[in-house]
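**Student:** Below is a structure I'd like to ask you about.
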There are 2 protein chains.
Amino acid sequence: MIAPARGAATLHDVAREAGVSLATASRVLNGSTRKVADSYRERVETAAEKLGYTANLSAQATARGTAAIVALLVADIADPYFGQLASGVARGADEAGLVVTIAITERDPQREVKLVRALRGQRPRGLILAASRVEGPDAVGLQGELEAFSNMGGRVVVVGPGGGTARSVAVDNRGGAAALGAELAGLGYREAIVVAASEGIRTSDDRVDGFTEGFTAAGGSVREVRRTGFTRDAGYAAASELLEGDVPAGTLIFGISDVVAIGIMSAVRDAGRQVGADIAVAGFDDIATGRDIRPGLTTVRVPLEDLGYRALHAATDPEWDAAEPELALEVIVRGSTPP
Amino acid sequence: MIAPARGAATLHDVAREAGVSLATASRVLNGSTRKVADSYRERVETAAEKLGYTANLSAQATARGTAAIVALLVADIADPYFGQLASGVARGADEAGLVVTIAITERDPQREVKLVRALRGQRPRGLILAASRVEGPDAVGLQGELEAFSNMGGRVVVVGPGGGTARSVAVDNRGGAAALGAELAGLGYREAIVVAASEGIRTSDDRVDGFTEGFTAAGGSVREVRRTGFTRDAGYAAASELLEGDVPAGTLIFGISDVVAIGIMSAVRDAGRQVGADIAVAGFDDIATGRDIRPGLTTVRVPLEDLGYRALHAATDPEWDAAEPELALEVIVRGSTPP
DNA sequence: GGGGAGTGGGAAATCGCTTCCCAAATCTCT
DNA sequence: AGAGATTTGGGAAGCGATTTCCCACTCCCC
């Protein structure tokens with residue numbers, strides 16, 4: 001049904017139309033524990049339908065003191081990693097009748113603090129932080145804001161290793177990377193170079209450590225760990241630089257994430273080398289692109305959509321079991337690392 | 001500064017702390033045309049800082065009658081096409097001090113109608129619809145909801161060909177596809193198959209028509225138009241089926257979007273054929289993946305980020321020039337269509 | 001038939017913020 | 001110096017909901 005020409009129908013309009021009080025209309029239309037007689041209920045519903053009534057969420061939020069909102073903070077929504085994650089968050093939110101608001105940090109810690117503060121104004125039920133540094137020197141301001149957010153009654157969820165009052169949905173980066181390292185060493189690789197993000201970023205550090213552990217334990221050795229960023233271009237640049245030096249055939253380059261690894265693959269090709277037999281490449285995450293490129297990218301599958309879905313639940317379910325089994329990771333060997 | 005332990009600081013708290021009236025505090029903290037003496041202003045600002053005050057956006061929205069929100073409706077946020085678009089929207093929103101809420105249609109017209117209706121509850125300033133059918137039989141309910149939305153005072157922006165009261169930021173799909181067709185015919189291709197989305201979806205139809213026009217005008221001929229969906233898997237399935245029949249070497253397959261084309265490329269390979277010299281493939285949009293796969297995907301570059309940015313402005317600027325020059329498209333020939 | 005329990009509608013307070021309107025104070029200009 | 005025009009702070013009325021009381025009924029049982 002369509003709303004009347006001028007402005008939107010309010011609950012008041014509906015009540016008047018139905019000939020009942022505001023209280024009754026509210027009870028019928030927007031959940032309440034109290035019962036309303038069927039005759040009244042029906043009248044209200046008819047009136048609402050006729051007027052095309054939709055509750056004003058802002059008003060509802062002010063009255064209730066909390067908004068049916070979950071805020072999602074990501075580094076870059078065009079990055080497939082965050083896209084898939086957001087997808088899971090959105091699905092969960094939809095099921096729970098929540099609205100998702102999204103904010104982009106552009107990987108700038110300052111901006112991140114500012115955003116959390118601004119987000120506080122929405123009085124959301126929960127705040128999901130993906131790809132943030134919740135620890136280290138950059139995070140000093142953040143911790144304070146997150147605490148303020150909690151005190152206000154919102155739930156903070158960190159995707160990755162948590163800290164403080166925040167709940168966290170973690171991925172066993174270390175274990176997954178170790179498994180990957182072991183698998184690749186088993187395939188015969190002996191020399192590896194790691195292209196990681198800067199030190200202090202837990203996700204990156206854990207993957208580096210895990211990989212090193214697994215790879216060396218199985219007989220390989222990590223020749224170098226190169227620090228850059230989390231983007232394709234960072235991977236490309238790092239690998240290009242690397243390849244200017246002497247990188248023997250049969251070397252494996254492990255990119256800290258698939259996005260980075262894809263940059264590495266391009267750099268390898270542009271340097272006139274060959275991905276696979278010549279220089280092997282592996283990543284982490286298993287984004288869609290990695291499946292479509294040739295050779296396919298060897299990686300560790302992270303169920304990102306599920307991860308987002310879980311994060312949403314961690315942010316909204318009052319009873320939430322932190323001890324829930326971690327998401328299962330899986331090493332996927334493709335053509336980029338031939339035996 | 002950090003909020004006090006219990007609940008968030010309200011404007012009332014700030015006013016009391018500063019020893020001024022609510023009205024004055026409001027005028028100082030949240031934009032107003034009225035001037036406030038510096039001595040008062042300073043006192044209020046200090047108090048706000050001390051209490052860690054952040055305006056309650058919901059309350060602000062109820063009082064003002066409209067929320068500082070822009071709603072974005074996309075088919076699938078994990079799809080890089082929408083990811084990039086969303087990126088532009090988010091950038092513009094950030095600049096304008098607006099919050100972006102996101103909803104996923106899953107390409108289900110019914111769901112779409114439901115979402116628009118629910119979104120109405122937020123009383124957003126604008127609604128950006130990407131990848132919707134605003135026309136045709138599926139859109140009957142939608143049109144009504146959009147109208148209701150407009151009547152409520154919100155601006156509707158359609159990415160793609162608009163309709164009704166909606167503003168639209170369009171892409172010259174037809175022209176771009178025609179240029180692509182011409183270019184490829186110029187490269188020597190004579191036989192083409194088009195893998196498109198179902199009929200009635202304007203974006204798809206325009207691209208099909210444009211391509212056909214350009215390709216035939218330059219001497220080629222379109223052998224068949226296959227209708228499926230807008231996803232990678234749809235492209236894969238369609239191409240697989242196609243390749244079971246007799247597809248001569250040298251045939252060009254044009255996927256209606258890069259995502260579809262990438263599915264096609266995989267299908268070609270899995271059918272034991274070769275992308276490029278054997279079966280050529282072209283797409284549309286120029287998503288990042290198309291640049292990283294080998295051979296590179298020939299396509300038409302659509303500045304998606306800009307498109308999103310423009311959509312945001314169309315949704316929020318009161319004065320908006322519909323006649324703004326359309327975004328420039330560019331044919332990009334890569335290895336998937338060797339001469 | 002009377003009284004206590006249960007049911008369910010409605011009046012009104014409230015949520016946090018904006019803004020209209022009034023009145024006091026300060027300017028301005030002749 | 002005095003009258004009218006400006007400023008600018010504050011009181012109070014909204015905005016569109018929710019929710020707490022209060023109270024009129026009906027029912028049931030002794």
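Residues are named by chain letter and number: chains run A, B, ... in the order of the structure tokens, numbers start at 1 in each chain, and ligands are numbered from 1 in the order shown.
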Counting only C-alpha atoms (C1' of nucleotides), which residues of chain B sit at most 8 Å from some atom of chain D, and what is each one's closest atom pair with its distance in Å to one decimal, listed by chain and rising residue number, as a tab-separated table?
**Tutor:**
```
residue	atom	partner	partner_atom	distance
B:Ser21	CA	D:DG10	C1'	6.1
B:Ala23	CA	D:DG10	C1'	7.1
B:Thr24	CA	D:DG9	C1'	7.1
B:Lys35	CA	D:DT8	C1'	7.3
B:Val36	CA	D:DT8	C1'	6.8
B:Ala37	CA	D:DT8	C1'	7.7
B:Thr62	CA	D:DC15	C1'	5.2
B:Ala63	CA	D:DC15	C1'	4.6
B:Arg64	CA	D:DC15	C1'	7.2
B:Gly65	CA	D:DC15	C1'	6.7
```
**Student:** Report the closest atom pair, with its distance in Å rounded to one decimal, for each residue of chain C that has an atom no farther than 6 Å from chain B; count only C-alpha atoms (C1' of nucleotides), sort by chain and then rising residue number, and write it as CSV.
**Tutor:**
```
residue,atom,partner,partner_atom,distance
C:DG16,C1',B:Ala59,CA,5.2
C:DC17,C1',B:Gln60,CA,5.2
C:DT18,C1',B:Ala63,CA,5.5
```
**Student:** Residues of chain B within 8 Å of chain A, using only C-alpha atoms, as a short mmCIF file (atom, residue, chain, number, x, y, z; two decimals) with N, CA and C atoms, in the first residue's frame?
**Tutor:**
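Saved file iface03.cif follows:
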```
data_model
loop_
_atom_site.label_atom_id
_atom_site.label_comp_id
_atom_site.auth_asym_id
_atom_site.auth_seq_id
_atom_site.Cartn_x
_atom_site.Cartn_y
_atom_site.Cartn_z
N MET B 1 37.99 11.91 24.91
CA MET B 1 37.46 11.74 26.27
C MET B 1 36.47 10.59 26.35
N ILE B 2 36.35 10.06 27.52
CA ILE B 2 35.54 8.87 27.70
C ILE B 2 34.23 9.19 28.40
N ALA B 3 33.21 8.52 27.95
CA ALA B 3 31.88 8.75 28.55
C ALA B 3 31.87 8.20 29.98
N PRO B 4 30.98 8.73 30.79
CA PRO B 4 30.86 8.24 32.16
C PRO B 4 30.44 6.78 32.15
N ALA B 5 30.62 6.14 33.27
CA ALA B 5 30.43 4.70 33.32
C ALA B 5 29.05 4.22 32.86
N ARG B 6 28.02 4.92 33.28
CA ARG B 6 26.69 4.40 32.99
C ARG B 6 25.99 5.15 31.86
N GLY B 7 25.69 4.49 30.78
CA GLY B 7 24.98 5.12 29.68
C GLY B 7 25.79 6.23 29.05
N ALA B 8 25.22 6.84 28.04
CA ALA B 8 25.95 7.88 27.34
C ALA B 8 25.52 9.25 27.85
N THR B 54 28.46 12.61 22.53
CA THR B 54 28.23 12.39 21.10
C THR B 54 26.74 12.45 20.89
N ALA B 55 26.31 13.27 19.97
CA ALA B 55 24.88 13.43 19.74
C ALA B 55 24.23 12.10 19.40
N ASN B 56 23.08 11.88 19.93
CA ASN B 56 22.31 10.69 19.61
C ASN B 56 21.63 10.92 18.26
N LEU B 57 22.15 10.23 17.26
CA LEU B 57 21.65 10.46 15.90
C LEU B 57 20.18 10.13 15.73
N SER B 58 19.73 9.13 16.45
CA SER B 58 18.32 8.77 16.31
C SER B 58 17.43 9.90 16.82
N ALA B 59 17.79 10.41 17.96
CA ALA B 59 17.00 11.50 18.53
C ALA B 59 17.05 12.70 17.60
N ALA B 61 17.47 12.64 14.50
CA ALA B 61 16.66 12.34 13.32
C ALA B 61 15.17 12.51 13.61
N THR B 62 14.71 12.06 14.76
CA THR B 62 13.28 12.25 15.06
C THR B 62 12.96 13.71 15.16
N ALA B 67 16.75 11.58 8.72
CA ALA B 67 18.01 11.04 9.22
C ALA B 67 19.15 11.31 8.25
N ASP B 76 24.48 -8.02 -4.40
CA ASP B 76 25.40 -8.93 -3.72
C ASP B 76 26.68 -8.18 -3.42
N ILE B 77 26.93 -7.94 -2.17
CA ILE B 77 28.08 -7.10 -1.81
C ILE B 77 29.41 -7.81 -2.00
N ALA B 78 29.38 -9.13 -2.15
CA ALA B 78 30.63 -9.85 -2.37
C ALA B 78 31.04 -9.78 -3.84
N ASP B 79 30.14 -9.37 -4.67
CA ASP B 79 30.45 -9.21 -6.09
C ASP B 79 31.30 -7.94 -6.25
N PRO B 80 32.47 -8.08 -6.88
CA PRO B 80 33.37 -6.94 -6.98
C PRO B 80 32.74 -5.72 -7.65
N PHE B 82 29.70 -4.58 -7.28
CA PHE B 82 29.00 -3.82 -6.26
C PHE B 82 29.95 -3.33 -5.18
N GLY B 83 30.99 -4.09 -4.96
CA GLY B 83 31.97 -3.68 -3.97
C GLY B 83 32.59 -2.34 -4.35
N GLN B 84 32.97 -2.23 -5.61
CA GLN B 84 33.60 -0.99 -6.03
C GLN B 84 32.62 0.17 -6.02
N LEU B 85 31.42 -0.14 -6.45
CA LEU B 85 30.37 0.86 -6.45
C LEU B 85 30.15 1.36 -5.02
N ALA B 86 30.03 0.43 -4.11
CA ALA B 86 29.79 0.78 -2.71
C ALA B 86 30.92 1.62 -2.17
N SER B 87 32.10 1.33 -2.65
CA SER B 87 33.27 2.07 -2.22
C SER B 87 33.11 3.56 -2.54
N ALA B 90 30.43 5.10 -0.35
CA ALA B 90 30.91 5.32 1.01
C ALA B 90 31.81 6.54 1.07
N VAL B 99 25.68 8.65 6.91
CA VAL B 99 25.90 7.25 7.24
C VAL B 99 25.34 6.41 6.10
N VAL B 100 26.03 5.35 5.75
CA VAL B 100 25.54 4.46 4.69
C VAL B 100 24.98 3.19 5.32
N THR B 101 23.77 2.86 4.99
CA THR B 101 23.27 1.56 5.40
C THR B 101 23.13 0.73 4.14
N ILE B 102 23.39 -0.55 4.30
CA ILE B 102 23.46 -1.39 3.12
C ILE B 102 22.47 -2.54 3.24
N ALA B 103 21.86 -2.88 2.13
CA ALA B 103 20.94 -4.00 2.13
C ALA B 103 21.17 -4.82 0.87
N ILE B 104 20.96 -6.11 0.99
CA ILE B 104 21.28 -7.04 -0.09
C ILE B 104 20.01 -7.64 -0.66
N ARG B 117 10.73 -1.10 1.42
CA ARG B 117 9.71 -0.76 2.39
C ARG B 117 10.32 -0.65 3.79
N ALA B 118 11.16 -1.60 4.12
CA ALA B 118 11.79 -1.58 5.44
C ALA B 118 12.72 -0.37 5.56
N ARG B 120 12.41 2.38 4.27
CA ARG B 120 11.62 3.57 4.44
C ARG B 120 11.55 3.95 5.91
N GLY B 121 11.56 2.92 6.75
CA GLY B 121 11.48 3.15 8.18
C GLY B 121 12.64 3.98 8.71
N GLN B 122 13.73 3.96 7.98
CA GLN B 122 14.88 4.73 8.43
C GLN B 122 14.75 6.21 8.09
N ARG B 123 13.80 6.53 7.26
CA ARG B 123 13.65 7.91 6.81
C ARG B 123 14.97 8.48 6.29
N GLY B 144 5.70 1.20 -6.82
CA GLY B 144 4.84 1.75 -5.78
C GLY B 144 5.64 2.13 -4.55
N GLU B 145 6.49 1.24 -4.12
CA GLU B 145 7.29 1.53 -2.93
C GLU B 145 8.21 2.73 -3.14
N GLU B 147 7.71 5.18 -5.05
CA GLU B 147 6.91 6.39 -5.04
C GLU B 147 6.62 6.79 -3.60
N ALA B 148 6.26 5.79 -2.81
CA ALA B 148 5.99 6.06 -1.40
C ALA B 148 7.22 6.68 -0.76
N ASN B 151 7.51 10.29 -1.82
CA ASN B 151 6.50 11.11 -1.16
C ASN B 151 6.89 11.43 0.27
N MET B 152 7.64 10.54 0.82
CA MET B 152 8.07 10.71 2.20
C MET B 152 9.18 11.75 2.28
N GLY B 153 9.69 12.14 1.15
CA GLY B 153 10.73 13.15 1.17
C GLY B 153 12.12 12.63 0.86
N ILE B 262 34.38 -14.15 -16.66
CA ILE B 262 35.37 -14.95 -15.94
C ILE B 262 34.86 -16.39 -15.76
N GLY B 263 33.58 -16.51 -15.53
CA GLY B 263 32.99 -17.84 -15.49
C GLY B 263 33.14 -18.53 -16.83
N SER B 266 36.66 -19.87 -17.38
CA SER B 266 36.90 -21.12 -16.66
C SER B 266 36.24 -22.29 -17.38
N THR B 289 39.83 -8.30 -11.01
CA THR B 289 40.22 -9.66 -11.36
C THR B 289 40.59 -9.80 -12.83
N ASP B 292 44.11 -9.31 -13.49
CA ASP B 292 45.09 -10.22 -12.91
C ASP B 292 45.10 -11.62 -13.50
N ILE B 293 44.03 -11.98 -14.16
CA ILE B 293 44.00 -13.31 -14.73
C ILE B 293 44.82 -13.33 -16.01
N ARG B 294 45.19 -14.54 -16.45
CA ARG B 294 45.91 -14.66 -17.70
C ARG B 294 45.15 -15.59 -18.60
#
```
**Student:** DSSP on the backbone: which residues in range 119-235 of chain A end up as strand (DSSP E or B)? Give the answer as a PyMOL selection string.
**Tutor:** chain A and resi 126-130+155-159+167-169+191-197+221-228
**Student:** One decimal, in Å: what's the spacing between CA of Leu307 in chain B and CA of Gly181 in chain B?
**Tutor:** 23.1 Å
